[in-house]
Every structure is written in C-alpha cells, then in structure tokens.
Amino acid sequence: MTISTIDNSQHTAAKVAGVAGLFAFALVVFGNYVLLEPLIVPRNAVDTARNILAHETQFRAALTCFIAYGIGSVILLTALYVILAPVNRGLALAGALFRLVFAMLWLIAPLNSLAALRLLGDATYLKVFESDRLQALARVQIAGSFDDYYVGLPFFGLAATVCAYLWLKSNYIPRELSIFGVIGSAWCVFCAIVYLIFPAFARPVNPYWFDSPMALFELVVSVWLLFKGLRVIPTSMSPQRTSNTTLYQKAS
C-alpha cells in the first residue's frame, strides 16, 4: 500500500517526530553515558554510594534527562500516530500504545534511583541501619533501574516493529530503511524476551546488540523526517505501466 496524498498535519508531525526522536536520543545518551555511568562502579556498592553522594547534582541531572526522555517518547509516539494512522489506524494505535507502555516503564527507573538516593541520605529514621547495608540496598535500587528498561524493551521493540512495517507499507521513507527497521526491531523483541527467560543469553550476545540495530533505525528515521520529510510515490500507475509511459515519452 502506498499513500498518494499527505496532508499538512502529517508533514508537521514528521518534523515534530524528527526533532523529538533526535532530542530524546541525545538526552538518553548524555544522561546515561556522560552523567550516570561514571558514577556506577560495577559490583562495588561502597564506591558507587560515595560517587553518588559526592556528585549528587550530576546524579539528579541524569535522572532529569531520563524524565525528559520519557516526555520526548510521548511526543514522538503522538507524532508517529498522526503520520501512520492513514496507513492502518489499528496498527498505528497499537504501535503508539506499545511505545506508551515502554515510556511508563522507563519512568520507573528514576523513581528507583531517587529511592537509592534517599537510602544514602542522612534522615534520622535511617540511623537504625548500618551504612554498609544502606549502601547495598541503594545499589540494588540502581540495578533495578536497568531491570525496568529490559522489562520495557519488548514493548519498545514491538512499537518499532509495527512502525517499521507501516513505514514499509506507506513508502513514506526508503523501502530498504523500512526493511532494516522491521528486521532490527523484531530482533530486539526476540533478544529481550529470551534474555528475560534466560539471563545467561547476555553472555553469547552482548546486551548492547539487543537494541542497537533498532536504535540506529529510529535515529536514521528521525534524521530523514527532519531533513527530508515524507515522500509520496504515486499509485495511479503500476511500475510496468510507468516504464512503458516513460519509453513512449522518449520515443515521442
């Protein structure tokens, strides 16, 4: 299926989706890899706690980036629904709901991190616990933030798979890009489900490979929508008829 006309709301939504997608991507990368990751010491609750307390503002800024990413995800899913609903309203709605579930699960991660920060605080009611136990509990809360992401990942993958399929049916973006999106997003769903059942799956397949193809697809689509917009391939003539018409015009 191809769409022969695109209305103004779709053109506007494409620009919004491009900006929201790039903005959300930049926020999550900056928040996770620049702000949060340097503070986390693997398998060491004590040093992690010290880092967080010594750089509390940096830690809170990372959480703010994650919250802003959730807001960007809601804006993105709304824009994608406006663009793709004319292709198949039911599937576009399903994709939007899947992405909304992911956004809601994603926002649980900052709550876990704030709970970790509270455990490391100086409130009077915490004095009944030893500091090493509080540090261990705080580290558990932070680890739980990553669990929130992997629980939401199948929903994210399903949303991206549905959208990639609708992109393919619409021809709004290059066909090759849409096919890559379908494969990469379906791969993410498969990896996320297998990982939740068999955590040892992370040994032969690095977790970064679960969602990297899908993330690359969404990033490229955002760039395309922002700078290229939606394209239309006329449906009035079949490829064979178009070819014959071109030959006739050249002969004339």
# chains A, B, ... in the order shown; residues from 1 in each chain; ligands from 1

$ residues_around --residues "Leu91 of chain A" --least-positions-apart "3" --cutoff "10 Å" --atoms "only C-alpha atoms" --output "count of residues only"
14

$ closest_atom_pairs --of "segment 54-165 of chain A" --to "segment 225-233 of chain A" --cutoff "12 Å" --atoms "only C-alpha atoms" --output "Markdown table"
| residue | atom | partner | partner_atom | distance |
| --- | --- | --- | --- | --- |
| A:Leu76 | CA | A:Leu225 | CA | 11.8 |
| A:Ala79 | CA | A:Leu225 | CA | 11.1 |
| A:Leu80 | CA | A:Leu225 | CA | 10.6 |
| A:Ile83 | CA | A:Leu230 | CA | 9.0 |
| A:Leu84 | CA | A:Leu230 | CA | 10.9 |

$ write_last_selection --atoms "C-alpha atoms" --output "PDB file, in the first residue's frame"
ATOM      1  CA  LEU A  76       7.244  11.034  19.399  1.00  0.00           C
ATOM      2  CA  ALA A  79       3.559  12.351  16.032  1.00  0.00           C
ATOM      3  CA  LEU A  80       4.094   8.845  14.646  1.00  0.00           C
ATOM      4  CA  ILE A  83       1.747  10.146  10.358  1.00  0.00           C
ATOM      5  CA  LEU A  84       0.931   6.434  10.187  1.00  0.00           C
TER       6      LEU A  84
END

$ select_by_dssp --residues "segment 53-203 of chain A" --states "alpha helix (DSSP H)" --output "ChimeraX atom specification"
/A:53-54,56-84,89-106,108-119,131-170,175-197

$ atom_distance --atom1 "atom CA of Ile52 of chain A" --atom2 "atom CA of Leu39 of chain A"
6.2 Å

$ residues_around --residues "segment 32-37 of chain A" --least-positions-apart "5" --cutoff "8 Å" --atoms "only C-alpha atoms" --output "ChimeraX atom specification"
/A:58-59,61-62

$ atom_distance --atom1 "atom CA of Arg50 of chain A" --atom2 "atom CA of Ser131 of chain A"
11.3 Å

$ residues_around --residues "Leu107 of chain A" --least-positions-apart "4" --cutoff "9 Å" --atoms "only C-alpha atoms" --output "PDB file with N, CA, C and O atoms, in the first residue's frame"
ATOM      1  N   PHE A  66      16.493  11.474  31.986  1.00  0.00           N
ATOM      2  CA  PHE A  66      15.650  10.308  31.746  1.00  0.00           C
ATOM      3  C   PHE A  66      14.170  10.677  31.753  1.00  0.00           C
ATOM      4  O   PHE A  66      13.382  10.142  30.964  1.00  0.00           O
ATOM      5  N   ILE A  67      13.795  11.589  32.637  1.00  0.00           N
ATOM      6  CA  ILE A  67      12.402  12.043  32.670  1.00  0.00           C
ATOM      7  C   ILE A  67      12.068  12.797  31.373  1.00  0.00           C
ATOM      8  O   ILE A  67      11.009  12.599  30.772  1.00  0.00           O
ATOM      9  N   TYR A  69      13.493  12.334  28.568  1.00  0.00           N
ATOM     10  CA  TYR A  69      13.424  11.317  27.511  1.00  0.00           C
ATOM     11  C   TYR A  69      12.025  10.703  27.455  1.00  0.00           C
ATOM     12  O   TYR A  69      11.481  10.460  26.374  1.00  0.00           O
ATOM     13  N   GLY A  70      11.434  10.453  28.639  1.00  0.00           N
ATOM     14  CA  GLY A  70      10.080   9.914  28.673  1.00  0.00           C
ATOM     15  C   GLY A  70       9.088  10.871  28.048  1.00  0.00           C
ATOM     16  O   GLY A  70       8.186  10.457  27.300  1.00  0.00           O
ATOM     17  N   PHE A 102       6.224   1.383  27.180  1.00  0.00           N
ATOM     18  CA  PHE A 102       7.667   1.488  27.377  1.00  0.00           C
ATOM     19  C   PHE A 102       8.022   2.790  28.102  1.00  0.00           C
ATOM     20  O   PHE A 102       8.848   2.794  29.025  1.00  0.00           O
ATOM     21  N   ALA A 103       7.404   3.903  27.684  1.00  0.00           N
ATOM     22  CA  ALA A 103       7.697   5.191  28.315  1.00  0.00           C
ATOM     23  C   ALA A 103       7.337   5.172  29.793  1.00  0.00           C
ATOM     24  O   ALA A 103       8.073   5.706  30.635  1.00  0.00           O
ATOM     25  N   LEU A 111      12.489   6.744  39.545  1.00  0.00           N
ATOM     26  CA  LEU A 111      11.930   6.539  40.885  1.00  0.00           C
ATOM     27  C   LEU A 111      12.826   5.617  41.706  1.00  0.00           C
ATOM     28  O   LEU A 111      13.072   5.870  42.890  1.00  0.00           O
ATOM     29  N   ASP A 148      14.022  -2.331  34.895  1.00  0.00           N
ATOM     30  CA  ASP A 148      12.876  -1.616  34.348  1.00  0.00           C
ATOM     31  C   ASP A 148      13.023  -1.461  32.835  1.00  0.00           C
ATOM     32  O   ASP A 148      12.051  -1.609  32.078  1.00  0.00           O
TER      33      ASP A 148
END

$ residues_around --residues "segment 116-126 of chain A" --least-positions-apart "5" --cutoff "12 Å" --atoms "only C-alpha atoms" --output "number ranges by chain"
A: 45-46, 48-57, 59-60, 63, 109-111, 131-145

$ write_last_selection --atoms "N, CA and C atoms" --output "compact mmCIF listing (two decimals), in the first residue's frame"
# COMPACT_ATOMS: atom_id res chain seq x y z
N ALA A 45 29.27 -1.58 45.90
CA ALA A 45 28.23 -0.70 46.43
C ALA A 45 28.83 0.50 47.17
N VAL A 46 29.94 0.28 47.86
CA VAL A 46 30.53 1.35 48.67
C VAL A 46 31.03 2.49 47.80
N THR A 48 30.26 3.12 44.71
CA THR A 48 29.13 3.71 43.98
C THR A 48 28.40 4.73 44.86
N ALA A 49 28.17 4.35 46.12
CA ALA A 49 27.50 5.26 47.06
C ALA A 49 28.32 6.53 47.27
N ARG A 50 29.62 6.39 47.42
CA ARG A 50 30.48 7.56 47.61
C ARG A 50 30.43 8.49 46.39
N ASN A 51 30.46 7.90 45.21
CA ASN A 51 30.40 8.70 43.99
C ASN A 51 29.09 9.47 43.89
N ILE A 52 28.01 8.80 44.21
CA ILE A 52 26.70 9.45 44.11
C ILE A 52 26.59 10.60 45.10
N LEU A 53 27.03 10.37 46.33
CA LEU A 53 26.95 11.42 47.34
C LEU A 53 27.88 12.59 47.02
N ALA A 54 29.03 12.27 46.42
CA ALA A 54 29.98 13.33 46.08
C ALA A 54 29.54 14.12 44.85
N HIS A 55 28.69 13.52 44.01
CA HIS A 55 28.23 14.17 42.77
C HIS A 55 26.70 14.07 42.68
N GLU A 56 26.05 14.47 43.75
CA GLU A 56 24.59 14.32 43.80
C GLU A 56 23.89 15.12 42.70
N THR A 57 24.38 16.31 42.43
CA THR A 57 23.75 17.14 41.39
C THR A 57 23.87 16.46 40.03
N PHE A 59 24.11 13.26 39.51
CA PHE A 59 23.20 12.12 39.57
C PHE A 59 21.76 12.57 39.30
N ARG A 60 21.35 13.66 39.93
CA ARG A 60 20.00 14.16 39.74
C ARG A 60 19.79 14.69 38.32
N LEU A 63 18.93 11.80 36.13
CA LEU A 63 17.53 11.40 36.29
C LEU A 63 16.61 12.37 35.55
N ALA A 109 12.40 3.93 36.35
CA ALA A 109 13.84 3.93 36.64
C ALA A 109 14.26 5.13 37.47
N PRO A 110 13.85 6.37 37.13
CA PRO A 110 14.21 7.49 38.00
C PRO A 110 13.65 7.37 39.42
N LEU A 111 12.49 6.74 39.54
CA LEU A 111 11.93 6.54 40.88
C LEU A 111 12.83 5.62 41.71
N SER A 131 25.58 1.54 57.74
CA SER A 131 25.82 2.25 56.48
C SER A 131 26.08 1.29 55.32
N ASP A 132 26.79 0.17 55.60
CA ASP A 132 27.08 -0.76 54.51
C ASP A 132 25.81 -1.42 53.98
N ARG A 133 24.84 -1.65 54.86
CA ARG A 133 23.58 -2.23 54.41
C ARG A 133 22.78 -1.23 53.56
N LEU A 134 22.80 0.01 53.98
CA LEU A 134 22.12 1.04 53.21
C LEU A 134 22.76 1.21 51.83
N GLN A 135 24.08 1.14 51.79
CA GLN A 135 24.78 1.24 50.51
C GLN A 135 24.43 0.07 49.60
N ALA A 136 24.34 -1.13 50.18
CA ALA A 136 23.97 -2.30 49.39
C ALA A 136 22.54 -2.18 48.86
N LEU A 137 21.64 -1.70 49.72
CA LEU A 137 20.25 -1.53 49.29
C LEU A 137 20.14 -0.46 48.20
N ALA A 138 20.93 0.59 48.32
CA ALA A 138 20.92 1.63 47.30
C ALA A 138 21.41 1.08 45.96
N ARG A 139 22.44 0.23 46.03
CA ARG A 139 22.96 -0.38 44.79
C ARG A 139 21.92 -1.30 44.17
N VAL A 140 21.14 -1.99 44.98
CA VAL A 140 20.06 -2.84 44.47
C VAL A 140 19.01 -1.99 43.75
N GLN A 141 18.69 -0.84 44.32
CA GLN A 141 17.71 0.05 43.69
C GLN A 141 18.19 0.53 42.32
N ILE A 142 19.48 0.87 42.25
CA ILE A 142 20.02 1.34 40.96
C ILE A 142 20.02 0.20 39.94
N ALA A 143 20.38 -1.00 40.39
CA ALA A 143 20.34 -2.15 39.49
C ALA A 143 18.92 -2.40 39.00
N GLY A 144 17.94 -2.15 39.88
CA GLY A 144 16.55 -2.32 39.48
C GLY A 144 16.14 -1.40 38.35
N SER A 145 16.82 -0.25 38.23
CA SER A 145 16.52 0.67 37.14
C SER A 145 16.81 0.02 35.79

$ closest_residue --among "A:Leu153, A:Val223, A:Val19, A:Val205" --to "Ile193 of chain A" --atoms "only C-alpha atoms"
A:Leu153

$ residues_around --residues "Phe25 of chain A" --least-positions-apart "5" --cutoff "10 Å" --atoms "only C-alpha atoms" --output "list in words"
Val19, Ala20, Phe30, Gly31, Tyr69, Gly72, Ser73, Ala215, Glu218, Leu219 and Ser222 of chain A
